[in-house]
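Novice: Quick one: structure below, then a few questions.
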Amino acid sequence: MHESIMKPDTRTALRQLIEQVRAAIPFEAAQARACSGDCSGCSQKLLDYLEGELAAWEQRLAEGERPSLADLSRLAKTARKIHRVLVRNGNLSEDAEPS
């Protein structure tokens with residue numbers, strides 16, 4: 001007998017992605033926002049941008065919008081890129097990477 005596993009709908013998947021990103025990236029941590037002067041991208045600006053993206057999606061979800069798979073992919077890709085820059089700048093360890 002074949003059991004089918006239901007994948008979450010895009011609204012649920014995006015909510016889960018937002019939770020994972022918020023858990024992996026310390027938006028409130030002072031060291032993540034600190035400027036070391038020698039970096040390959042401004043950690044402060046990147047965190048502000050990503051936080052704005054997450055907040056915008058949370059609002060859009062609350063209003064009933066249904067994200068596409070492309071929206072999910074785009075947000076995940078953005079979060080991964082920002083995470084890599086934060087690691088490269090020494091603001092984060094590589095341990096907790098967002099999905």
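Identifiers in this document derive from the order of the structure tokens: chains are assigned A, B, ..., residues are numbered from 1 separately in each chain, and ligands are numbered from 1 in order of occurrence.
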Report as a list in words all protein, DNA and RNA residues lying within 12 Å of Gly64 of chain A, evaluated on only C-alpha atoms, omitting residues in the same chain fewer than 6 positions from it.

Specialist: Thr10, Arg11, Thr12, Trp57 and Glu58 of chain A

Novice: My list of candidates is A:Val85, A:Arg74, A:Leu17, A:Ser43. Which is closest to Ala29 of chain A when distances are computed with only C-alpha atoms?

Specialist: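 Nearest candidate to Ala29 of chain A out of A:Val85, A:Arg74, A:Leu17, A:Ser43: A:Ser43.
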
Novice: Let me make sure I understand: among A:Leu72, A:Leu54, A:Leu46, A:Leu61, which one has the smallest atom-to-atom distance to Arg84 of chain A if we use only C-alpha atoms?

Specialist: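 Smallest separation from Arg84 of chain A among the options: A:Leu46.
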
Novice: Go through A:Ile82, A:Leu14, A:Ala23, A:Leu92 and flag the residue nearest Ala56 of chain A, using only C-alpha atoms for the distances.

Specialist: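 Nearest candidate to Ala56 of chain A out of A:Ile82, A:Leu14, A:Ala23, A:Leu92: A:Leu14.
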
Novice: If you measure from atom CA of Ile18 of chain A to atom CA of Thr78 of chain A, what distance in Å do you get, rounded to one decimal?

Specialist: 11.8 Å

Novice: Go through A:Asp9, A:Glu94, A:Asp71, A:Glu28 one by one, measure the shortest atom-to-atom distance of each to Glu51 of chain A using only C-alpha atoms, and give the residue with the smallest value.

Specialist: A:Glu28

Novice: From the list A:Leu69, A:Ala24, A:Ile5, A:Ala62, which residue is nearest His83 of chain A when using only C-alpha atoms?

Specialist: A:Ala24

Novice: Point out the residue among A:Gln20, A:Gln44, A:Gln59, A:Ser93 with the least atom-to-atom distance to Leu75 of chain A, counting only C-alpha atoms.

Specialist: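 So, comparing all the options, the nearest one is A:Gln20.
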
Novice: Could you please determine the separation between atom CA of Ala79 of chain A and atom CA of Ile25 of chain A in Å, to one decimal place?

Specialist: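 Here the two named atoms are 8.8 Å from each other.
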